[in-house]
Each structure stands twice: as structure tokens, then as C-alpha cells.
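Read the structure below first, then the notes.
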Amino acid sequence: MVQAPRARVTRRPVHGVLLLDKPLGWSSNDALQKVKWLLRAEKAGHTGTLDPLATGVLPLCFGAATKFSQMQLDADKEYEATALLGIKTSTGDAEGEVIEVRPVHVDAAAVARVVPRFTGPILQTPPMHSALKKDGKALYEYARAGIEVEREARAVTIHMLNVALAPVDAGQIAINMVVKCSKGTYIRTLGEDLGEALGCGAHLTRLRRTATGSFTAAQCVTLEALEAMTEEERMACLLPVDALLERHTPVTLDSENTVRFLSGVRRRGNWADEKQVAVYSIEPHALLGTAHTEAGELIPGRLLSPLEIAQSQTQQADSSKEAA
């Protein structure tokens, strides 16, 4: 049977941030491409990947917002996870093959003893099944070929770690974890390392990201909900580009300084030294880009183009009309 050709989607400029509750089983890129298609967006990117096993907060950036996606890559993260004790797998999670089974003799006191070892600054060895690059290839590519390469331990920070025993089916025991951590922390590795510290090994069976920076799961929309929406409703889910810059100090420029700033020219003013500055124009009130201030100078960082600024203003005006 010959299938009818798929209707071509007409792309358009879309600017902003959509907080997606990534569904189980989807790669971050597959979820991004689906939402990009639903919004008919020209340009999109995500702010760091979540494993297919994981669900939860995945900020998706569109248009001008892609210029500031690094802000979320660097942000602290929060997770809820479950690790099954007594069974180790090749990947550290439920997708891998079982490589070792050990008896479990763990109680709440044992858990309480090991948790302090994994709180605060710690060193983690990245898992082979990860997207980290070695000689231009992702580690998971080596792992799929049965090759293990040497990885350097990396410094990460566990700001908060709550661990509790949780009985599961067939008399097995798991640990539930609530984690607040710095960027670059592997929760799979944390689960495996906790299992080793408890003397029985472990692998992750559930992982949910509940927050990244100030964005929380309560703010997210599901893929299923997005599919059921009209195009206007989907656009209304977008946060403005400067939602990524909420920790930046705002600076506003008049029209003359706006033009020069957008040309990459430093401006002089009575500004205190700041590492992170979000720069706006007065009329119309619009985000121009990022900068830092030093010795009374405003030094441009990532800048929006005049076209991106105009498109963002039009998009915002259209959304206001729809809301009215």
C-alpha cells in the first residue's frame, strides 16, 4: 500500500522557553523534535539531556532563547530516584544487563551511616553509558562496542541527600533518594555508589528530575497535553526568553545606547561591577542580550539580533491579543 506523502510543516520564528515534563522512554532530542514540530518552530535546542529512563523537567529553548541555554546547563538540579539493592547492571539502570547479584543485609541505621559520605563536595567517575566525549566519541559508543575507557573522577556537589529504605515486590529492598546537586552529577552513579557503600550493589529503576534552577515540575506541561492543545494554546505555554536570565541584574538603555550596544560597543555608566547582567531597551521594553559590568563599563556578551527582537515583540503582542 502506497502511503500518502506527509504534509509539509511551514516553519516560523518562535522565541521563548517551554518547560516540558519529559515522558518515560523518550530521548531528550526526540521530545525536543516533537515539540518543535508542534510549535512549527524554526530553531530549537534543549538545556542538557535526560536519559530515556528519566522523566521530569526539561526546559526547551526556541529561537533567541537558544543563545542562553547554557544558563540552565550550569544550574543546580533536583531529582527523585529509586535504586534496587542487591543487583548491579551493565548500565547502572534498568536498561542494562544484570552483571552481579548479591544478598542484601541493610537496615535504616546502615543507610544513615553512609549518607554523609555522599553529601557535600564529592568525586564521581562518569559512567561508560553517558554522552561525555573521549577522543571525539561519546562514552556510550565505546560501551556499546564492549570497550571500557579510563575516565577521570570529577568534582560535583551534593547539596542535599535524603535516602530511605523502601520495600518492593518479591521481598526485594530499594532505596528512595531525594537529591539536590550541582551540574554534572550522575544520579545513576550516585545510586551505584550508595549500593557499594551498603555492601550489596544497586541499580537505578526510577529517575525523575523535579527541578532545574528555579524551574519546577509543577510549571511543566506534558507532551500529551501539548498535543491536545490548539496552536495558540501551545504558544501560550512559552515563557519569555529572559526567563532564563532571572538571576541577572537588569540594566536599561535609552535608544541611542541601545543601537550602540547591539553593535557590540561598550557603554559607560554608573554601574557597579556585576558578572551577570540582562540588558533591555526602554522603548519598546525589550531584551537586548547579556553583558557584564566592570569599572563603569557595560561589556556586551550574547546579543539578540534586531530581527529576533522585532519577532519577539510581535509574538508577545500576538499572545496578548489572544489572551484578551
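Following the order of the C-alpha cells, first chain is A, next is B, and so on, with residues numbered from 1 inside each chain and ligands from 1 in the order they appear.
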Could you pull out the helix (DSSP H, G or I) residues of stretch 220-253 of chain A from DSSP and send them as a PyMOL selection string? chain A and resi 223-228+231-236+241-245
Residues within 7 Å of A:Arg102, only C-alpha atoms, excluding chain neighbours under 6 positions, as a PyMOL selection string: chain A and resi 86-87+200
By how many Å are atom CA of A:Leu60 and atom CA of A:Thr82 apart? 25.8 Å
Between stretch 140-258 of chain A and stretch 300-316 of chain A, at 12 Å or less, what are the per-residue closest atom pairs and their distances in Å? Count only C-alpha atoms, order by chain and rising residue number, and return it as a tab-separated table.
```
residue	atom	partner	partner_atom	distance
A:Glu232	CA	A:Gln315	CA	10.9
A:Met235	CA	A:Gln315	CA	8.9
A:Ala236	CA	A:Gln316	CA	9.6
A:Leu238	CA	A:Gln316	CA	10.1
A:Leu239	CA	A:Gln316	CA	10.2
A:Pro240	CA	A:Gln316	CA	8.4
A:Val241	CA	A:Ser312	CA	8.7
A:Asp242	CA	A:Ser312	CA	11.1
A:Leu245	CA	A:Arg302	CA	11.8
A:Val251	CA	A:Pro300	CA	11.8
A:Asn257	CA	A:Pro300	CA	11.9
A:Thr258	CA	A:Pro306	CA	10.5
```
When distances are computed from only C-alpha atoms, which of A:Ala170, A:Ala31, A:Val115, A:Cys237 shows the smallest separation from A:Leu18?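 Ranked by minimum distance to A:Leu18, first place goes to A:Cys237.
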